[in-house]
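Student: Sharing entry-v2.csv, CSV, N, CA and C atoms:
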chain,number,residue,atom,x,y,z
Q,563,MET,N,0.8,-1.2,0.0
Q,563,MET,CA,0.0,0.0,0.0
Q,563,MET,C,0.9,1.3,0.0
Q,564,ASN,N,2.0,1.2,0.6
Q,564,ASN,CA,2.9,2.3,0.6
Q,564,ASN,C,3.3,2.7,-0.8
Q,565,ALA,N,3.6,1.7,-1.7
Q,565,ALA,CA,4.0,2.0,-3.1
Q,565,ALA,C,2.8,2.6,-3.9
Q,566,THR,N,1.6,2.2,-3.6
Q,566,THR,CA,0.4,2.7,-4.3
Q,566,THR,C,0.2,4.2,-3.8
Q,567,ALA,N,0.4,4.5,-2.6
Q,567,ALA,CA,0.2,5.8,-2.1
Q,567,ALA,C,1.3,6.8,-2.7
Q,568,ARG,N,2.5,6.3,-2.7
Q,568,ARG,CA,3.6,7.1,-3.3
Q,568,ARG,C,3.3,7.3,-4.8
Q,569,PHE,N,2.9,6.3,-5.5
Q,569,PHE,CA,2.6,6.5,-7.0
Q,569,PHE,C,1.5,7.5,-7.2
Q,570,LEU,N,0.4,7.4,-6.4
Q,570,LEU,CA,-0.7,8.3,-6.5
Q,570,LEU,C,-0.3,9.8,-6.1
Q,571,SER,N,0.5,9.9,-5.1
Q,571,SER,CA,0.9,11.3,-4.8
Q,571,SER,C,1.8,11.9,-5.8
Q,572,ILE,N,2.7,11.1,-6.4
Q,572,ILE,CA,3.6,11.6,-7.5
Q,572,ILE,C,2.7,11.9,-8.7
Q,573,ALA,N,1.7,11.1,-9.0
Q,573,ALA,CA,0.8,11.4,-10.2
Q,573,ALA,C,0.0,12.7,-9.9
Q,574,ALA,N,-0.4,12.9,-8.7
Q,574,ALA,CA,-1.2,14.1,-8.4
Q,574,ALA,C,-0.3,15.4,-8.5
Q,575,VAL,N,1.0,15.3,-8.0
Q,575,VAL,CA,1.9,16.4,-8.1
Q,575,VAL,C,2.2,16.7,-9.6
Q,576,ALA,N,2.4,15.7,-10.3
Q,576,ALA,CA,2.8,15.9,-11.8
Q,576,ALA,C,1.6,16.5,-12.5
Q,577,ALA,N,0.4,16.0,-12.2
Q,577,ALA,CA,-0.8,16.6,-12.9
Q,577,ALA,C,-1.0,18.1,-12.5
Q,578,PHE,N,-0.8,18.4,-11.2
Q,578,PHE,CA,-0.9,19.8,-10.7
Q,578,PHE,C,0.2,20.7,-11.4
Q,579,ALA,N,1.4,20.2,-11.5
Q,579,ALA,CA,2.5,20.9,-12.0
Q,579,ALA,C,2.3,21.2,-13.5
Q,580,SER,N,1.7,20.2,-14.2
Q,580,SER,CA,1.5,20.4,-15.7
Q,580,SER,C,0.3,21.2,-16.0
Q,581,PHE,N,-0.5,21.5,-15.0
Q,581,PHE,CA,-1.7,22.3,-15.3
Q,581,PHE,C,-1.3,23.7,-15.7
Q,582,GLY,N,-0.3,24.3,-15.1
Q,582,GLY,CA,0.1,25.7,-15.4
Q,582,GLY,C,0.8,25.8,-16.8
Q,583,ALA,N,1.3,24.7,-17.4
Q,583,ALA,CA,1.9,24.8,-18.7
Q,583,ALA,C,0.9,24.9,-19.8
Q,584,HIS,N,-0.4,24.7,-19.5
Q,584,HIS,CA,-1.5,24.8,-20.5
Q,584,HIS,C,-2.4,26.0,-20.3
Q,585,ALA,N,-1.8,27.0,-19.7
Q,585,ALA,CA,-2.6,28.2,-19.3
Q,585,ALA,C,-2.9,29.1,-20.5
Q,586,ASP,N,-2.2,29.0,-21.6
Q,586,ASP,CA,-2.4,29.9,-22.7
Q,586,ASP,C,-2.6,29.2,-24.0
Q,587,GLU,N,-3.0,29.9,-25.0
Q,587,GLU,CA,-3.1,29.3,-26.3
Q,587,GLU,C,-1.8,28.9,-26.9
Q,588,ALA,N,-1.8,28.0,-27.8
Q,588,ALA,CA,-0.5,27.5,-28.4
Q,588,ALA,C,0.1,28.5,-29.3
Q,589,ASP,N,-0.6,29.5,-29.8
Q,589,ASP,CA,-0.1,30.4,-30.8
Q,589,ASP,C,0.5,31.7,-30.2
Q,590,SER,N,0.6,31.7,-28.9
Q,590,SER,CA,1.2,32.9,-28.2
Q,590,SER,C,0.5,34.2,-28.5
Q,591,SER,N,-0.8,34.1,-28.5
Q,591,SER,CA,-1.6,35.3,-28.9
Q,591,SER,C,-1.5,36.4,-27.9
Q,592,GLN,N,-1.0,36.2,-26.7
Q,592,GLN,CA,-0.9,37.3,-25.8
Q,592,GLN,C,0.2,38.2,-26.2
Q,593,PHE,N,1.1,37.8,-27.0
Q,593,PHE,CA,2.2,38.6,-27.5
Q,593,PHE,C,1.9,39.4,-28.8
Q,594,ALA,N,0.7,39.1,-29.4
Q,594,ALA,CA,0.4,39.8,-30.6
Q,594,ALA,C,0.2,41.3,-30.4
Q,595,LEU,N,0.7,42.1,-31.4
Q,595,LEU,CA,0.5,43.5,-31.3
Q,595,LEU,C,-0.9,43.9,-31.8
Q,596,GLN,N,-1.5,44.8,-31.1
Q,596,GLN,CA,-2.8,45.3,-31.6
Q,596,GLN,C,-2.6,46.7,-32.0
Q,597,PHE,N,-3.0,47.0,-33.2
Q,597,PHE,CA,-2.9,48.4,-33.8
Q,597,PHE,C,-4.3,48.9,-34.0
Q,598,ASP,N,-4.6,50.1,-33.5
Q,598,ASP,CA,-5.8,50.8,-33.8
Q,598,ASP,C,-5.5,52.1,-34.4
Q,599,THR,N,-5.8,52.3,-35.6
Q,599,THR,CA,-5.4,53.5,-36.3
Q,599,THR,C,-6.6,54.0,-37.1
Q,600,ASN,N,-6.6,55.3,-37.3
Q,600,ASN,CA,-7.6,56.0,-38.1
Q,600,ASN,C,-7.1,56.5,-39.4
Q,601,ARG,N,-5.8,56.1,-39.8
Q,601,ARG,CA,-5.2,56.5,-41.0
Q,601,ARG,C,-5.7,55.6,-42.1
Q,602,THR,N,-5.9,56.1,-43.3
Q,602,THR,CA,-6.3,55.2,-44.4
Q,602,THR,C,-5.1,54.6,-45.1
Q,603,ARG,N,-5.3,53.6,-45.9
Q,603,ARG,CA,-4.2,53.0,-46.6
Q,603,ARG,C,-3.6,53.9,-47.6
Q,604,ALA,N,-4.3,54.8,-48.2
Q,604,ALA,CA,-3.8,55.8,-49.2
Q,604,ALA,C,-2.9,56.8,-48.5
Q,605,GLU,N,-3.2,57.2,-47.2
Q,605,GLU,CA,-2.3,58.1,-46.5
Q,605,GLU,C,-1.0,57.5,-46.2
Q,606,VAL,N,-1.0,56.3,-45.7
Q,606,VAL,CA,0.2,55.6,-45.4
Q,606,VAL,C,1.1,55.3,-46.7
Q,607,LYS,N,0.4,55.0,-47.8
Q,607,LYS,CA,1.1,54.8,-49.0
Q,607,LYS,C,1.8,56.1,-49.5
Q,608,ALA,N,1.1,57.2,-49.4
Q,608,ALA,CA,1.6,58.5,-49.9
Q,608,ALA,C,2.8,58.9,-49.0
Q,609,GLU,N,2.7,58.6,-47.7
Q,609,GLU,CA,3.8,58.9,-46.8
Q,609,GLU,C,5.1,58.1,-47.1
Q,610,ALA,N,4.8,56.8,-47.5
Q,610,ALA,CA,6.0,56.0,-47.8
Q,610,ALA,C,6.6,56.4,-49.1
Q,611,VAL,N,5.9,56.9,-50.1
Q,611,VAL,CA,6.4,57.4,-51.3
Q,611,VAL,C,7.3,58.6,-51.1
Q,612,VAL,N,6.8,59.5,-50.3
Q,612,VAL,CA,7.6,60.7,-49.9
Q,612,VAL,C,8.9,60.4,-49.2
Q,613,GLU,N,8.8,59.4,-48.3
Q,613,GLU,CA,10.0,59.0,-47.6
Q,613,GLU,C,11.0,58.3,-48.5
Q,614,ALA,N,10.5,57.5,-49.4
Q,614,ALA,CA,11.4,56.9,-50.4
Q,614,ALA,C,12.1,57.9,-51.3
Q,615,ARG,N,11.5,58.9,-51.6
Q,615,ARG,CA,12.1,59.9,-52.5
Q,615,ARG,C,13.1,60.8,-51.8
Q,616,THR,N,12.9,61.1,-50.5
Q,616,THR,CA,13.7,62.0,-49.8
Q,616,THR,C,14.7,61.3,-48.9
Q,617,HIS,N,14.7,60.0,-48.8
Q,617,HIS,CA,15.6,59.3,-47.9
Q,617,HIS,C,17.0,59.4,-48.4
Q,618,ASN,N,17.9,59.7,-47.4
Q,618,ASN,CA,19.3,59.8,-47.7
Q,618,ASN,C,20.0,58.5,-47.3
Q,619,MET,N,20.7,57.8,-48.2
Q,619,MET,CA,21.4,56.6,-47.8
Q,619,MET,C,22.7,56.8,-47.1
Q,620,GLU,N,23.2,58.0,-47.0
Q,620,GLU,CA,24.4,58.3,-46.2
Q,620,GLU,C,24.1,58.3,-44.8
Q,621,PRO,N,24.8,57.5,-44.0
Q,621,PRO,CA,24.6,57.5,-42.5
Q,621,PRO,C,25.0,58.9,-41.9
Q,622,ALA,N,24.3,59.3,-40.9
Q,622,ALA,CA,24.5,60.6,-40.2
Q,622,ALA,C,25.9,60.6,-39.7
Q,623,GLY,N,26.6,61.8,-40.0
Q,623,GLY,CA,27.9,62.0,-39.5
Q,623,GLY,C,29.0,61.3,-40.3
Q,624,SER,N,28.7,60.8,-41.5
Q,624,SER,CA,29.8,60.2,-42.3
Q,624,SER,C,30.0,60.9,-43.6
Q,625,ARG,N,30.0,62.1,-43.6
Q,625,ARG,CA,30.2,62.9,-44.8
Q,625,ARG,C,31.6,62.6,-45.4
Q,626,VAL,N,31.6,62.2,-46.6
Q,626,VAL,CA,32.9,62.0,-47.3
Q,626,VAL,C,33.1,63.1,-48.3
Q,627,VAL,N,34.2,63.8,-48.1
Q,627,VAL,CA,34.6,64.9,-48.9
Q,627,VAL,C,35.4,64.4,-50.1
Q,628,THR,N,35.0,64.8,-51.3
Q,628,THR,CA,35.7,64.4,-52.5
Q,628,THR,C,36.4,65.7,-53.1
Q,629,TYR,N,37.5,65.5,-53.6
Q,629,TYR,CA,38.3,66.6,-54.3
Q,629,TYR,C,38.5,66.2,-55.7
Q,630,GLN,N,38.5,67.2,-56.5
Q,630,GLN,CA,38.9,67.1,-57.9
Q,630,GLN,C,40.3,67.5,-58.1
Q,631,SER,N,41.2,66.5,-58.4
Q,631,SER,CA,42.6,66.8,-58.6
Q,631,SER,C,42.9,67.4,-60.0
Q,632,THR,N,43.8,68.3,-60.0
Q,632,THR,CA,44.2,68.8,-61.3
Q,632,THR,C,45.7,68.4,-61.7
Q,633,ALA,N,46.3,67.5,-60.8
Q,633,ALA,CA,47.6,67.1,-61.0
Q,633,ALA,C,47.7,66.0,-62.0
Q,634,ASP,N,48.8,65.9,-62.7
Q,634,ASP,CA,49.0,64.9,-63.7
Q,634,ASP,C,49.5,63.6,-63.0
Q,635,ARG,N,49.1,62.5,-63.4
Q,635,ARG,CA,49.5,61.2,-62.8
Q,635,ARG,C,51.0,61.0,-62.9
Q,636,SER,N,51.6,61.3,-64.0
Q,636,SER,CA,53.0,61.0,-64.2
Q,636,SER,C,53.8,62.0,-63.3
Q,637,ALA,N,53.4,63.2,-63.2
Q,637,ALA,CA,54.1,64.2,-62.3
Q,637,ALA,C,54.0,63.8,-60.9
Q,638,VAL,N,52.9,63.3,-60.4
Q,638,VAL,CA,52.8,62.8,-59.0
Q,638,VAL,C,53.7,61.6,-58.8
Q,639,ARG,N,53.8,60.7,-59.7
Q,639,ARG,CA,54.6,59.5,-59.6
Q,639,ARG,C,56.1,60.0,-59.6
Q,640,ALA,N,56.5,60.9,-60.4
Q,640,ALA,CA,57.9,61.4,-60.4
Q,640,ALA,C,58.2,62.1,-59.1
Q,641,LEU,N,57.3,62.9,-58.5
Q,641,LEU,CA,57.6,63.5,-57.2
Q,641,LEU,C,57.7,62.4,-56.1
Q,642,ALA,N,56.9,61.4,-56.2
Q,642,ALA,CA,57.0,60.3,-55.2
Q,642,ALA,C,58.3,59.6,-55.3
Q,643,ALA,N,58.7,59.3,-56.5
Q,643,ALA,CA,60.0,58.6,-56.7
Q,643,ALA,C,61.1,59.4,-56.2
Q,644,GLU,N,61.1,60.7,-56.5
Q,644,GLU,CA,62.1,61.6,-56.0
Q,644,GLU,C,62.2,61.7,-54.5
Q,645,ALA,N,61.0,61.7,-53.8
Q,645,ALA,CA,60.9,61.7,-52.3
Q,645,ALA,C,61.5,60.4,-51.8
Q,646,VAL,N,61.3,59.3,-52.4
Q,646,VAL,CA,61.8,58.0,-51.9
Q,646,VAL,C,63.3,58.0,-52.1
Q,647,ARG,N,63.8,58.5,-53.2
Q,647,ARG,CA,65.3,58.6,-53.5
Q,647,ARG,C,66.0,59.5,-52.4
Q,648,THR,N,65.4,60.6,-52.1
Q,648,THR,CA,66.0,61.5,-51.2
Q,648,THR,C,65.8,61.2,-49.7
Q,649,GLY,N,65.0,60.1,-49.4
Q,649,GLY,CA,64.7,59.7,-48.1
Q,649,GLY,C,63.7,60.5,-47.3
Q,650,GLN,N,62.9,61.2,-48.0
Q,650,GLN,CA,61.8,62.0,-47.4
Q,650,GLN,C,60.6,61.2,-46.9
Q,651,ILE,N,60.4,60.1,-47.6
Q,651,ILE,CA,59.4,59.1,-47.2
Q,651,ILE,C,59.9,57.7,-47.2
Q,652,PRO,N,59.5,56.9,-46.2
Q,652,PRO,CA,60.0,55.5,-46.2
Q,652,PRO,C,59.4,54.7,-47.3
Q,653,HIS,N,60.1,53.6,-47.6
Q,653,HIS,CA,59.6,52.7,-48.7
Q,653,HIS,C,59.8,51.3,-48.3
Q,654,GLY,N,59.0,50.4,-48.9
Q,654,GLY,CA,59.1,48.9,-48.6
Q,654,GLY,C,58.8,48.6,-47.2
Q,655,GLU,N,59.5,47.7,-46.6
Q,655,GLU,CA,59.3,47.4,-45.2
Q,655,GLU,C,60.0,48.3,-44.2
Q,656,PHE,N,60.8,49.2,-44.7
Q,656,PHE,CA,61.6,50.1,-43.9
Q,656,PHE,C,60.6,51.2,-43.4
Q,657,SER,N,60.8,51.5,-42.1
Q,657,SER,CA,60.0,52.6,-41.6
Q,657,SER,C,60.8,53.4,-40.7
Q,658,ALA,N,60.6,54.7,-40.6
Q,658,ALA,CA,61.4,55.6,-39.8
Q,658,ALA,C,60.9,55.6,-38.4
Q,659,MET,N,59.9,54.9,-38.0
Q,659,MET,CA,59.4,54.9,-36.6
Q,659,MET,C,60.2,54.0,-35.8
Let me see the structure of the file written as C-alpha cells.

Tutor:
Amino acid sequence: MNATARFLSIAAVAAFASFGAHADEADSSQFALQFDTNRTRAEVKAEAVVEARTHNMEPAGSRVVTYQSTADRSAVRALAAEAVRTGQIPHGEFSAM
C-alpha cells in the first residue's frame, strides 16, 4: 500500500504541475501586437512614397569629402619617386618609426 500511495501522490503532483503549462493558447496570442489607427491605406502609401524619394542613404555623420585633382599622374609619380630617393618618405618594409 505504501507503493500505491507514493505512486498516486507523484501522479497528483505531476498533474498539478503540468496544469500551469497549458494556461495559454498554443499560438502565443498574448504577445500579438494590436494596432488601432484611423489613417487610411492611401495616406500611409503616400507617406511611404515621400520618404522613399527624400531618404538619404548616407549615414548621419559620415560625410565623405571628394576633391577634384588637377595634378597629372606622371608628375605625381615622379615626385613620389624623388621623395623616396632623397629619403623624405619610407619605402618597402623600412619605416622611420

Student: Atom CA of Gly654 of chain Q to atom CA of Ala640 of chain Q: how many Å, to one decimal?

Tutor: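 Rounded to one decimal, the two atoms are 17.2 Å apart.
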
Student: Report the distance between atom CA of Arg625 of chain Q and atom CA of Ile651 of chain Q in Å, rounded to one decimal place.

Tutor: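 The value is 29.5 Å.
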
Student: Please compute the atom CA of Leu641 of chain Q-atom N of His653 of chain Q distance, one decimal, in Å.

Tutor: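 Computing it gives 14.0 Å between the two atoms.
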